[in-house]
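> You'll find protein_4.tsv just under this line, and it carries TSV, C-alpha atoms and all ligand atoms.
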chain	number	residue	atom	x	y	z
A	1	MET	CA	118.82	120.82	104.77
A	2	ARG	CA	118.35	120.23	101.05
A	3	ILE	CA	117.00	116.93	99.75
A	4	LEU	CA	117.25	115.77	96.14
A	5	VAL	CA	114.15	113.86	95.07
A	6	THR	CA	114.47	111.91	91.80
A	7	GLY	CA	111.07	111.18	90.24
A	8	GLY	CA	109.63	113.94	92.43
A	9	THR	CA	106.78	114.84	90.07
A	10	GLY	CA	105.53	111.22	90.02
A	11	PHE	CA	102.79	109.71	92.17
A	12	ILE	CA	104.71	108.82	95.34
A	13	GLY	CA	107.47	111.39	94.79
A	14	SER	CA	105.05	114.35	94.66
A	15	HIS	CA	103.40	113.35	97.94
A	16	THR	CA	106.82	112.96	99.54
A	17	VAL	CA	107.92	116.39	98.29
A	18	VAL	CA	104.82	117.86	99.99
A	19	GLU	CA	105.73	116.16	103.30
A	20	LEU	CA	109.35	117.29	103.04
A	21	LEU	CA	108.41	120.92	102.35
A	22	GLU	CA	105.85	120.88	105.16
A	23	ASN	CA	108.54	119.57	107.51
A	24	GLY	CA	110.86	122.46	106.69
A	25	TYR	CA	113.26	120.77	104.26
A	26	ASP	CA	114.43	122.44	101.06
A	27	VAL	CA	113.76	120.25	98.05
A	28	SER	CA	115.19	119.87	94.56
A	29	ILE	CA	113.46	117.58	92.07
A	30	VAL	CA	114.98	115.75	89.11
A	31	ASP	CA	112.48	114.25	86.70
A	32	ASN	CA	112.40	113.79	82.93
A	33	LEU	CA	108.56	113.90	83.00
A	34	CYS	CA	108.36	110.60	81.06
A	35	ASN	CA	105.51	109.53	83.36
A	36	SER	CA	104.42	112.73	85.07
A	37	SER	CA	103.39	116.30	84.42
A	38	ALA	CA	104.96	119.67	85.25
A	39	VAL	CA	101.49	120.75	86.46
A	40	VAL	CA	102.33	118.80	89.64
A	41	LEU	CA	104.82	121.52	90.55
A	42	ASP	CA	102.04	124.15	90.71
A	43	ARG	CA	99.88	121.76	92.71
A	44	ILE	CA	102.67	121.19	95.23
A	45	LYS	CA	102.96	124.97	95.57
A	46	GLN	CA	99.21	125.30	96.09
A	47	ILE	CA	99.30	122.74	98.90
A	48	THR	CA	102.44	123.90	100.71
A	49	ALA	CA	102.84	127.58	99.68
A	50	LYS	CA	106.47	126.59	99.01
A	51	THR	CA	108.46	125.90	95.88
A	52	ALA	CA	110.81	123.05	95.06
A	53	ASN	CA	113.69	123.60	92.61
A	54	PHE	CA	112.89	121.65	89.46
A	55	HIS	CA	115.37	120.15	86.98
A	56	LYS	CA	113.90	118.50	83.89
A	57	ILE	CA	116.73	116.04	83.47
A	58	ASP	CA	116.98	112.38	82.51
A	59	LEU	CA	119.03	110.27	84.92
A	60	LEU	CA	120.54	108.67	81.82
A	61	ASP	CA	122.08	112.07	80.96
A	62	LYS	CA	125.12	111.68	83.18
A	63	VAL	CA	126.60	115.10	82.42
A	64	ALA	CA	123.39	117.03	83.11
A	65	LEU	CA	122.78	115.02	86.27
A	66	ASP	CA	126.26	115.71	87.55
A	67	GLY	CA	125.70	119.42	86.86
A	68	ILE	CA	123.02	119.53	89.55
A	69	PHE	CA	125.47	118.16	92.10
A	70	GLU	CA	127.96	120.84	91.00
A	71	SER	CA	125.47	123.64	91.60
A	72	GLU	CA	123.61	122.42	94.68
A	73	ARG	CA	124.65	120.68	97.89
A	74	PHE	CA	122.42	117.83	99.07
A	75	ASP	CA	122.17	116.23	102.50
A	76	CYS	CA	120.21	113.21	101.26
A	77	VAL	CA	118.79	111.77	98.04
A	78	ILE	CA	115.41	110.03	97.79
A	79	HIS	CA	115.41	107.97	94.63
A	80	PHE	CA	111.96	107.34	93.14
A	81	ALA	CA	112.76	107.77	89.43
A	82	GLY	CA	112.22	104.61	87.45
A	83	LEU	CA	109.89	102.86	85.06
A	84	LYS	CA	107.30	100.71	86.84
A	85	ALA	CA	104.86	99.06	84.42
A	86	VAL	CA	105.21	95.30	84.91
A	87	GLY	CA	103.62	94.31	81.57
A	88	GLU	CA	105.70	96.78	79.59
A	89	SER	CA	108.85	95.51	81.30
A	90	VAL	CA	108.12	91.99	79.99
A	91	LYS	CA	107.73	93.34	76.44
A	92	GLU	CA	110.67	95.78	76.56
A	93	PRO	CA	113.14	94.42	79.12
A	94	TRP	CA	116.11	96.38	77.73
A	95	LYS	CA	114.30	99.67	78.31
A	96	TYR	CA	113.70	98.74	81.96
A	97	TYR	CA	117.18	97.45	82.70
A	98	ASN	CA	118.70	100.48	80.98
A	99	ASN	CA	116.50	103.13	82.58
A	100	ASN	CA	116.34	101.73	86.11
A	101	LEU	CA	119.84	100.28	86.46
A	102	VAL	CA	121.89	102.80	84.47
A	103	GLY	CA	119.87	105.71	85.92
A	104	THR	CA	120.66	104.47	89.44
A	105	LEU	CA	124.35	103.87	88.65
A	106	ASN	CA	124.67	107.40	87.25
A	107	LEU	CA	123.04	108.78	90.37
A	108	ILE	CA	125.35	106.82	92.69
A	109	ASP	CA	128.35	107.97	90.69
A	110	SER	CA	127.45	111.66	91.03
A	111	MET	CA	126.57	111.21	94.70
A	112	SER	CA	129.82	109.51	95.51
A	113	ARG	CA	131.98	112.01	93.61
A	114	HIS	CA	130.30	114.87	95.47
A	115	GLY	CA	130.47	113.22	98.88
A	116	VAL	CA	126.70	112.72	99.20
A	117	LYS	CA	126.33	109.30	100.82
A	118	ASN	CA	122.80	109.31	102.21
A	119	LEU	CA	120.23	107.53	100.08
A	120	ILE	CA	116.66	106.26	100.35
A	121	PHE	CA	115.60	103.87	97.59
A	122	SER	CA	112.06	102.97	96.46
A	123	SER	CA	111.95	99.22	96.39
A	124	SER	CA	108.94	96.97	96.29
A	125	ALA	CA	107.32	93.94	97.91
A	126	THR	CA	107.78	92.35	94.49
A	127	VAL	CA	111.34	91.41	95.58
A	128	TYR	CA	109.84	88.73	97.87
A	129	GLY	CA	108.43	86.88	94.83
A	130	SER	CA	105.66	84.47	95.83
A	131	PRO	CA	105.84	84.68	99.65
A	132	LYS	CA	106.30	81.47	101.63
A	133	VAL	CA	104.52	82.97	104.66
A	134	VAL	CA	102.40	86.03	105.34
A	135	PRO	CA	102.65	88.54	106.91
A	136	ILE	CA	106.02	89.11	105.23
A	137	THR	CA	108.85	90.32	107.46
A	138	GLU	CA	112.06	91.88	106.16
A	139	GLU	CA	113.84	88.60	106.98
A	140	HIS	CA	111.72	86.74	104.42
A	141	PRO	CA	114.13	85.63	101.68
A	142	LYS	CA	113.98	87.44	98.39
A	143	GLY	CA	112.20	85.33	95.79
A	144	ASN	CA	112.04	84.88	92.07
A	145	CYS	CA	110.80	88.03	90.40
A	146	THR	CA	108.70	86.99	87.46
A	147	ASN	CA	109.32	90.15	85.42
A	148	PRO	CA	112.17	92.53	84.48
A	149	TYR	CA	110.67	95.40	86.51
A	150	GLY	CA	110.91	93.32	89.69
A	151	GLN	CA	114.40	92.17	88.71
A	152	THR	CA	115.58	95.80	88.51
A	153	LYS	CA	114.36	96.42	92.07
A	154	SER	CA	116.10	93.31	93.35
A	155	MET	CA	119.32	94.09	91.45
A	156	ILE	CA	119.42	97.70	92.64
A	157	GLU	CA	118.96	96.50	96.23
A	158	GLN	CA	121.97	94.22	95.72
A	159	ILE	CA	124.07	96.99	94.17
A	160	LEU	CA	123.29	99.34	97.07
A	161	THR	CA	124.01	96.60	99.62
A	162	ASP	CA	127.42	96.00	98.05
A	163	ILE	CA	128.17	99.72	97.97
A	164	HIS	CA	127.44	100.00	101.67
A	165	LYS	CA	129.59	96.93	102.35
A	166	ALA	CA	132.50	98.49	100.47
A	167	ASP	CA	132.18	101.92	102.06
A	168	GLY	CA	130.60	102.16	105.50
A	169	GLU	CA	130.17	105.92	105.15
A	170	TRP	CA	127.09	105.26	103.05
A	171	ASN	CA	123.73	105.33	104.85
A	172	ILE	CA	121.16	103.55	102.72
A	173	VAL	CA	117.53	102.76	103.48
A	174	LEU	CA	115.68	100.36	101.18
A	175	LEU	CA	111.94	100.87	101.47
A	176	ARG	CA	109.82	97.99	100.21
A	177	TYR	CA	106.40	99.39	99.35
A	178	PHE	CA	103.35	97.17	99.29
A	179	ASN	CA	100.34	98.58	97.31
A	180	PRO	CA	100.25	102.39	97.38
A	181	ILE	CA	96.85	103.93	96.60
A	182	GLY	CA	94.91	107.04	97.69
A	183	ALA	CA	95.83	110.64	97.01
A	184	HIS	CA	96.47	113.86	98.88
A	185	PRO	CA	93.26	114.79	100.80
A	186	SER	CA	93.17	118.12	98.91
A	187	GLY	CA	92.56	116.21	95.65
A	188	LEU	CA	95.30	118.31	94.03
A	189	ILE	CA	97.82	115.51	93.52
A	190	GLY	CA	97.27	111.81	92.96
A	191	GLU	CA	97.94	108.95	90.60
A	192	GLU	CA	97.65	109.54	86.87
A	193	PRO	CA	98.07	106.25	85.03
A	194	ASN	CA	99.23	106.18	81.45
A	195	GLY	CA	96.48	104.67	79.25
A	196	THR	CA	94.19	101.95	80.62
A	197	PRO	CA	95.20	101.31	84.23
A	198	ASN	CA	96.84	98.01	85.14
A	199	ASN	CA	96.41	98.52	88.87
A	200	LEU	CA	93.24	97.90	90.79
A	201	MET	CA	92.42	101.29	92.34
A	202	PRO	CA	92.94	103.48	89.24
A	203	PHE	CA	90.85	100.96	87.31
A	204	ILE	CA	88.04	101.22	89.89
A	205	THR	CA	88.05	105.06	89.86
A	206	GLN	CA	87.89	105.06	86.06
A	207	VAL	CA	84.89	102.71	86.18
A	208	ALA	CA	83.33	105.01	88.79
A	209	ILE	CA	83.72	108.07	86.57
A	210	GLY	CA	82.33	106.21	83.54
A	211	LYS	CA	85.51	105.96	81.46
A	212	LEU	CA	85.52	102.16	81.70
A	213	PRO	CA	82.40	99.98	81.68
A	214	GLU	CA	83.26	97.44	84.38
A	215	LEU	CA	86.03	96.02	86.49
A	216	GLY	CA	87.40	92.61	85.58
A	217	ILE	CA	88.42	90.73	88.72
A	218	PHE	CA	91.38	88.51	87.93
A	219	GLY	CA	90.69	85.16	89.58
A	220	SER	CA	87.98	83.98	91.96
A	221	ASP	CA	89.50	80.67	93.00
A	222	TYR	CA	92.55	81.71	95.03
A	223	ASP	CA	93.03	80.17	98.45
A	224	THR	CA	91.93	83.40	100.18
A	225	LYS	CA	88.93	84.49	102.27
A	226	ASP	CA	86.67	85.01	99.22
A	227	GLY	CA	88.74	83.56	96.38
A	228	THR	CA	90.04	86.92	95.11
A	229	GLY	CA	93.63	88.19	95.50
A	230	VAL	CA	94.65	89.76	98.81
A	231	ARG	CA	97.02	92.76	99.02
A	232	ASP	CA	98.27	95.27	101.58
A	233	TYR	CA	97.00	98.65	100.33
A	234	ILE	CA	98.67	101.68	101.85
A	235	HIS	CA	97.70	105.36	101.61
A	236	VAL	CA	100.28	107.31	99.63
A	237	VAL	CA	100.38	110.08	102.25
A	238	ASP	CA	101.30	107.52	104.94
A	239	LEU	CA	103.98	106.23	102.60
A	240	ALA	CA	105.30	109.75	102.04
A	241	LYS	CA	105.48	110.36	105.80
A	242	ALA	CA	107.55	107.18	106.20
A	243	HIS	CA	110.21	108.72	103.95
A	244	VAL	CA	110.60	111.69	106.29
A	245	LYS	CA	110.99	109.29	109.23
A	246	ALA	CA	113.45	107.13	107.27
A	247	MET	CA	115.50	110.23	106.53
A	248	LYS	CA	115.81	111.00	110.23
A	249	LYS	CA	117.11	107.46	110.67
A	250	ILE	CA	119.64	108.14	107.90
A	251	PHE	CA	120.88	111.25	109.69
A	252	ASP	CA	121.39	109.07	112.80
A	253	ASN	CA	123.82	107.00	110.69
A	254	ALA	CA	121.49	104.18	109.75
A	255	GLY	CA	124.10	102.13	107.88
A	256	LEU	CA	122.04	99.83	105.67
A	257	GLU	CA	118.44	99.21	106.66
A	258	ILE	CA	115.42	97.63	104.99
A	259	TYR	CA	111.82	98.45	105.91
A	260	ASN	CA	108.50	97.10	104.68
A	261	LEU	CA	105.94	99.85	104.22
A	262	GLY	CA	102.42	98.50	104.46
A	263	THR	CA	99.54	98.58	106.92
A	264	GLY	CA	99.92	94.92	107.91
A	265	LYS	CA	96.32	94.25	106.81
A	266	GLY	CA	95.33	92.34	103.70
A	267	TYR	CA	92.20	93.21	101.71
A	268	SER	CA	90.75	91.08	98.94
A	269	VAL	CA	89.75	92.59	95.59
A	270	LEU	CA	86.08	92.18	96.54
A	271	GLU	CA	86.67	93.90	99.89
A	272	VAL	CA	88.30	96.84	98.12
A	273	VAL	CA	85.37	97.08	95.69
A	274	HIS	CA	82.87	97.04	98.56
A	275	SER	CA	84.89	99.57	100.60
A	276	PHE	CA	84.95	101.88	97.58
A	277	GLU	CA	81.19	101.51	97.13
A	278	GLU	CA	80.57	102.25	100.82
A	279	ALA	CA	82.94	105.23	100.92
A	280	THR	CA	81.64	106.88	97.75
A	281	GLY	CA	78.08	105.59	97.30
A	282	ILE	CA	78.98	104.58	93.73
A	283	LYS	CA	78.26	101.05	92.49
A	284	ILE	CA	81.16	99.34	90.69
A	285	PRO	CA	79.99	96.76	88.15
A	286	TYR	CA	82.39	93.82	87.90
A	287	SER	CA	82.75	90.37	86.43
A	288	PHE	CA	85.19	87.58	87.19
A	289	LYS	CA	87.98	86.89	84.71
A	290	PRO	CA	90.72	84.24	84.64
A	291	ARG	CA	93.73	84.73	86.89
A	292	ARG	CA	96.29	87.27	85.64
A	293	GLU	CA	99.63	85.68	84.76
A	294	GLY	CA	102.28	86.18	87.43
A	295	ASP	CA	99.77	87.14	90.16
A	296	ILE	CA	100.03	85.63	93.63
A	297	ALA	CA	97.20	84.80	96.03
A	298	ALA	CA	98.09	86.91	99.05
A	299	CYS	CA	100.75	89.44	99.93
A	300	TYR	CA	100.76	91.61	103.04
A	301	ALA	CA	103.40	93.08	105.26
A	302	SER	CA	104.58	92.86	108.77
A	303	ALA	CA	105.28	96.56	109.33
A	304	ASP	CA	106.57	96.00	112.88
A	305	LYS	CA	110.18	96.92	112.08
A	306	ALA	CA	109.24	100.35	110.70
A	307	LYS	CA	107.12	100.93	113.79
A	308	LYS	CA	109.88	99.91	116.20
A	309	ASP	CA	112.82	101.65	114.46
A	310	LEU	CA	111.19	104.63	112.76
A	311	GLY	CA	108.18	105.21	115.01
A	312	TRP	CA	106.05	105.03	111.86
A	313	VAL	CA	102.64	103.45	111.46
A	314	ALA	CA	100.12	103.86	108.67
A	315	GLU	CA	97.24	106.00	109.91
A	316	TYR	CA	94.72	106.02	107.07
A	317	GLY	CA	92.30	103.11	106.63
A	318	ILE	CA	90.87	101.55	103.48
A	319	LYS	CA	87.81	103.86	103.35
A	320	GLU	CA	89.97	107.00	103.31
A	321	MET	CA	92.22	105.43	100.69
A	322	CYS	CA	89.14	104.84	98.49
A	323	LEU	CA	87.64	108.25	99.19
A	324	HIS	CA	90.85	110.15	98.45
A	325	SER	CA	91.51	108.15	95.25
A	326	TRP	CA	87.99	109.00	94.12
A	327	ASN	CA	88.33	112.64	95.14
A	328	PHE	CA	91.43	113.04	92.94
A	329	GLN	CA	89.74	111.30	90.00
A	330	LYS	CA	86.59	113.43	90.39
A	331	LEU	CA	88.46	116.73	90.61
A	332	ASN	CA	90.84	115.78	87.78
A	333	PRO	CA	88.73	113.75	85.33
A	334	ASN	CA	91.44	114.11	82.69
A	335	GLY	CA	94.36	113.82	85.06
A	336	TYR	CA	96.62	116.85	85.01
A	337	GLY	CA	95.18	117.81	81.64
A	338	GLU	CA	98.25	117.48	79.48
B	1	LIG	P1	105.70	107.30	88.83
B	1	LIG	O1	105.87	106.75	87.47
B	1	LIG	O2	104.49	108.09	89.13
B	1	LIG	O3	106.98	108.17	89.24
B	1	LIG	C1	108.27	107.90	88.75
B	1	LIG	C2	108.84	109.19	88.19
B	1	LIG	O4	110.17	108.95	87.70
B	1	LIG	C3	108.02	109.77	87.04
B	1	LIG	O5	107.71	111.11	87.32
B	1	LIG	C4	108.95	109.65	85.83
B	1	LIG	O6	108.76	110.71	84.92
B	1	LIG	C5	110.32	109.66	86.49
B	1	LIG	N1	111.39	108.98	85.74
B	1	LIG	C6	111.40	107.71	85.25
B	1	LIG	N2	112.57	107.46	84.64
B	1	LIG	C7	113.33	108.58	84.75
B	1	LIG	C8	114.64	108.94	84.32
B	1	LIG	N3	115.42	108.11	83.63
B	1	LIG	N4	115.10	110.18	84.62
B	1	LIG	C9	114.34	111.06	85.31
B	1	LIG	N5	113.08	110.78	85.72
B	1	LIG	C10	112.60	109.55	85.46
B	1	LIG	O7	105.81	106.06	89.85
B	1	LIG	P2	105.46	105.97	91.40
B	1	LIG	O8	104.26	105.12	91.55
B	1	LIG	O9	105.48	107.31	92.01
B	1	LIG	O10	106.70	105.12	91.90
B	1	LIG	C11	107.88	105.72	92.41
B	1	LIG	C12	108.91	104.64	92.68
B	1	LIG	O11	108.36	103.70	93.60
B	1	LIG	C13	109.32	103.84	91.44
B	1	LIG	O12	110.68	103.56	91.53
B	1	LIG	C14	108.50	102.59	91.56
B	1	LIG	O13	109.10	101.50	90.92
B	1	LIG	C15	108.47	102.39	93.08
B	1	LIG	N6	107.31	101.60	93.52
B	1	LIG	C16	106.04	101.97	93.14
B	1	LIG	C17	104.96	101.19	93.52
B	1	LIG	C18	103.56	101.57	93.07
B	1	LIG	O14	102.68	100.71	93.14
B	1	LIG	N7	103.28	102.80	92.66
B	1	LIG	C19	105.15	100.05	94.31
B	1	LIG	C20	106.46	99.70	94.69
B	1	LIG	C21	107.54	100.49	94.28
B	2	LIG	N1	93.23	93.25	89.97
B	2	LIG	C1	92.02	92.93	89.40
B	2	LIG	N2	91.59	93.65	88.32
B	2	LIG	C2	92.32	94.69	87.79
B	2	LIG	C3	93.55	95.01	88.40
B	2	LIG	C4	93.99	94.26	89.49
B	2	LIG	O1	91.34	92.01	89.85
B	2	LIG	O2	91.88	95.30	86.80
B	2	LIG	C5	93.69	92.49	91.17
B	2	LIG	C6	95.01	91.77	90.97
B	2	LIG	O3	94.80	90.50	90.41
B	2	LIG	C7	95.55	91.72	92.41
B	2	LIG	C8	95.01	93.02	93.03
B	2	LIG	O4	93.91	93.42	92.22
B	2	LIG	O5	94.98	90.64	93.12
B	2	LIG	C9	96.06	94.16	93.06
B	2	LIG	O6	96.59	94.30	91.76
B	2	LIG	P1	97.50	95.55	91.35
B	2	LIG	O7	97.83	95.41	89.89
B	2	LIG	O8	96.84	96.81	91.77
B	2	LIG	O9	98.80	95.37	92.26
B	2	LIG	P2	99.88	94.18	92.34
B	2	LIG	O10	99.75	93.64	93.73
B	2	LIG	O11	99.57	93.18	91.30
B	2	LIG	O12	101.17	94.86	92.15
Please render this file's structure as structure tokens.
Ligand code: NAD
Ligand code: UDP

Amino acid sequence: MRILVTGGTGFIGSHTVVELLENGYDVSIVDNLCNSSAVVLDRIKQITAKTANFHKIDLLDKVALDGIFESERFDCVIHFAGLKAVGESVKEPWKYYNNNLVGTLNLIDSMSRHGVKNLIFSSSATVYGSPKVVPITEEHPKGNCTNPYGQTKSMIEQILTDIHKADGEWNIVLLRYFNPIGAHPSGLIGEEPNGTPNNLMPFITQVAIGKLPELGIFGSDYDTKDGTGVRDYIHVVDLAKAHVKAMKKIFDNAGLEIYNLGTGKGYSVLEVVHSFEEATGIKIPYSFKPRREGDIAACYASADKAKKDLGWVAEYGIKEMCLHSWNFQKLNPNGYGE
């Protein structure tokens, strides 16, 4: 079976390509490399001793995208490609709506014209907005997304839901990721943020390696166990494995399904810092800063539905997430070196 992975050289996509190849699937990747490096392709080969077909194509290039569907036959598409920087999306909303929405519409168009109606979409816990209750189940109503990035996720979910409603031949799984961190245990692939990291774990690893002087902790007065924000961090390899399980569900004619992907446990910023220090033996200097605009106090998943329906549970704990994130940073101090 051949799987098309859009955004397959990115952080989560590359780990998923590894899992797919290791599970015997053939893989084709479409990525325009706007936020990833072609070096990832060699790294995937080093890990799996297998090669994925690579197409350096922008999803906005409808003709080129359609050409791939003309030349290859896909059993399922896993759609990771998109822009994901929350702050940038506030400053340049058009870029986000155009890239994420038009890119997805072009993909759906090619899929439908070539009779490929199996799709897994990378959504996010951000669609819940500020949760009314935690842990968050899939039944929790979608909330107000405070930024254009989150809006694109919510809108694409709606588009895909309507497409399934109109044509029951479509099998669509919407995966709502919580906070993916960690890296492949080999240290060969991981997360390479563009510029100064916005997310917690890449910021911590850059402090650990000496690129940044200290971590600023955004808010110490939240109504949480220690006043700092609580999130559900999930190892990227566990996340990648969930995609393989979700695909099996698709091949059993899933219809439309939504799954939260998290561990079900919430860790505060201070707990993450201390876990990192324990796992690596490196001290992380930090100071408290004001709350970051748009942040919520606590967000963690109920992952019971994925367990029941997909037989998937996250296996890695917070220490391994910290250790593997650090391992990738240490082995690749300048990322993929491009
Ligand atoms: P990433 O930026 O590492 O990967 C996305 C990939 O898509 C990149 O390789 C980029 O070059 C590519 N891309 C972007 N626009 C494209 C286009 N128009 N045409 C072709 N390629 C394009 O991001 P990631 O962390 O791996 O995230 C993957 C998906 O998961 C994204 O859709 C993201 O919104 C979603 N997601 C990520 C997180 C997270 O915290 N990392 C959380 C929830 C959801
Ligand atoms: N955070 C922080 N300092 C940073 C980056 C993040 O204190 O430099 C906090 C943030 O306020 C939140 C948690 O770490 O409580 C996770 O933030 P991240 O940006 O990684 O993910 P989010 O849940 O916001 O998508």
> Give me the residues near A:Val30 as a ChimeraX atom specification, where near means some atom within 7 Å (using only C-alpha atoms) and where sequence neighbours in that chain fewer than 2 positions away do not count.
/A:5-8,28,32,54-57
> So that each row is one residue of stretch 53-110 of chain A with an atom at most 12 Å from stretch 176-193 of chain A, can you give its shortest atom pair and the distance in Å to one decimal, using all atoms listed in the file, rows by chain and rising number, as a Markdown table?

| residue | atom | partner | partner_atom | distance |
| --- | --- | --- | --- | --- |
| A:Phe80 | CA | A:Tyr177 | CA | 11.5 |
| A:Lys84 | CA | A:Pro193 | CA | 10.9 |
| A:Ala85 | CA | A:Pro193 | CA | 9.9 |
> I need the residues from that last selection saved to file as a compact mmCIF listing (two decimals), keeping the file's coordinate frame (with C-alpha atoms), if you can.

# COMPACT_ATOMS: atom_id res chain seq x y z
CA PHE A 80 111.96 107.34 93.14
CA LYS A 84 107.30 100.71 86.84
CA ALA A 85 104.86 99.06 84.42
> For ligand LIG 2 (chain B), return the neighbouring residues as JSON, numbers by chain (distance at most 9 Å; all atoms listed in the file).
{"A": [86, 125, 126, 178, 179, 180, 181, 197, 198, 199, 200, 201, 202, 203, 204, 215, 216, 217, 218, 219, 220, 228, 229, 230, 231, 232, 233, 268, 269, 270, 272, 288, 289, 291, 292, 293, 294, 295, 296, 297, 298, 299]}
> Take the residues from that selection and write them out as a compact mmCIF listing (two decimals), in the coordinates of the input, keeping C-alpha atoms.

# COMPACT_ATOMS: atom_id res chain seq x y z
CA VAL A 86 105.21 95.30 84.91
CA ALA A 125 107.32 93.94 97.91
CA THR A 126 107.78 92.35 94.49
CA PHE A 178 103.35 97.17 99.29
CA ASN A 179 100.34 98.58 97.31
CA PRO A 180 100.25 102.39 97.38
CA ILE A 181 96.85 103.93 96.60
CA PRO A 197 95.20 101.31 84.23
CA ASN A 198 96.84 98.01 85.14
CA ASN A 199 96.41 98.52 88.87
CA LEU A 200 93.24 97.90 90.79
CA MET A 201 92.42 101.29 92.34
CA PRO A 202 92.94 103.48 89.24
CA PHE A 203 90.85 100.96 87.31
CA ILE A 204 88.04 101.22 89.89
CA LEU A 215 86.03 96.02 86.49
CA GLY A 216 87.40 92.61 85.58
CA ILE A 217 88.42 90.73 88.72
CA PHE A 218 91.38 88.51 87.93
CA GLY A 219 90.69 85.16 89.58
CA SER A 220 87.98 83.98 91.96
CA THR A 228 90.04 86.92 95.11
CA GLY A 229 93.63 88.19 95.50
CA VAL A 230 94.65 89.76 98.81
CA ARG A 231 97.02 92.76 99.02
CA ASP A 232 98.27 95.27 101.58
CA TYR A 233 97.00 98.65 100.33
CA SER A 268 90.75 91.08 98.94
CA VAL A 269 89.75 92.59 95.59
CA LEU A 270 86.08 92.18 96.54
CA VAL A 272 88.30 96.84 98.12
CA PHE A 288 85.19 87.58 87.19
CA LYS A 289 87.98 86.89 84.71
CA ARG A 291 93.73 84.73 86.89
CA ARG A 292 96.29 87.27 85.64
CA GLU A 293 99.63 85.68 84.76
CA GLY A 294 102.28 86.18 87.43
CA ASP A 295 99.77 87.14 90.16
CA ILE A 296 100.03 85.63 93.63
CA ALA A 297 97.20 84.80 96.03
CA ALA A 298 98.09 86.91 99.05
CA CYS A 299 100.75 89.44 99.93
> Hey, which residues sit close to ligand LIG 1 (chain B)? Say within 6 Å, counting only C-alpha atoms and all ligand atoms, and write them as an NGL selection string.
:A and (7 or 9-13 or 31-36 or 57-60 or 80-84 or 99 or 103 or 122-124 or 177 or 179-180)
> Could you list as a list in words every residue that has an atom within 9 Å of (108.3, 124.2, 90.9), using the file's coordinates and counting all atoms listed in the file?
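Residues with an atom close enough to that point: Ser28, Ile29, Ala38, Val39, Val40, Leu41, Asp42, Arg43, Ile44, Lys45, Lys50, Thr51, Ala52, Asn53 and Phe54 of chain A.
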> Report as JSON lines the residues of stretch 90-173 of chain A within 12 Å of stretch 304-318 of chain A, each with its shortest atom pair and distance in Å (one decimal), using all atoms listed in the file, ordered by chain and increasing residue number.

{"residue": "A:Pro135", "atom": "CA", "partner": "A:Asp304", "partner_atom": "CA", "distance": 10.3}
{"residue": "A:Ile136", "atom": "CA", "partner": "A:Asp304", "partner_atom": "CA", "distance": 10.3}
{"residue": "A:Thr137", "atom": "CA", "partner": "A:Lys305", "partner_atom": "CA", "distance": 8.2}
{"residue": "A:Glu138", "atom": "CA", "partner": "A:Lys305", "partner_atom": "CA", "distance": 8.0}
{"residue": "A:Glu139", "atom": "CA", "partner": "A:Lys305", "partner_atom": "CA", "distance": 10.4}
{"residue": "A:Val173", "atom": "CA", "partner": "A:Ala306", "partner_atom": "CA", "distance": 11.3}
> With all atoms listed in the file as the counted atoms, please give the residues lying no more than 10 Å from A:Ala246, apart from itself and same-chain residues fewer than 4 positions off, as a PyMOL selection string.
chain A and resi 119-120+172-175+241-242+250-252+254+257-259+306+309-312
> Using all atoms listed in the file, which of A:Thr224, A:Ala303, A:Ala208, A:Glu278 sits nearest A:Trp326?
A:Ala208
> Suppose you want the space between atom CA of A:Leu256 and atom CA of A:Trp94; what is it in Å?
28.8 Å
> With distances taken over all atoms listed in the file, which residue among A:Leu239, A:Leu65, A:Ile156, A:Val273 lies nearest A:Tyr97?
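The shortest atom-to-atom distance to A:Tyr97 comes from A:Ile156.
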> Name the closest residue to A:Val27 among the candidates A:Thr152, A:Ser287, A:Gln206, A:Ser14; distances are taken between atoms, counting all atoms listed in the file.
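Smallest separation from A:Val27 among the options: A:Ser14.
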> Go through A:Thr48, A:Gln151, A:Asn100, A:Asn118 and flag the residue nearest A:Gly24, using all atoms listed in the file for the distances.
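With all atoms listed in the file as the atom set, the closest residue is A:Thr48.
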> Select, from A:Thr104, A:Gln329, A:Ser112, A:Ser275, the residue with the minimum atom-to-atom distance to A:Ile78, counting only C-alpha atoms.
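So, comparing all the options, the nearest one is A:Thr104.
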> Give the answer as one residue: which of A:Ile284, A:Leu331, A:Ala166, A:Ala240 has the shortest atom-to-atom distance to A:Pro213, using all atoms listed in the file?
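Closest residue, counting all atoms listed in the file: A:Ile284.
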> What does the structure give for the distance between atom CA of A:Lys153 and atom CA of A:Gly129, in Å to one decimal?
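Taking atom CA of A:Lys153 as the start and atom CA of A:Gly129 as the end point, the length is 11.6 Å.
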> What is the atom CA of A:Gly262-atom CA of A:Val236 distance in Å, reported with one decimal?
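Taking atom CA of A:Gly262 and atom CA of A:Val236, their separation equals 10.3 Å.
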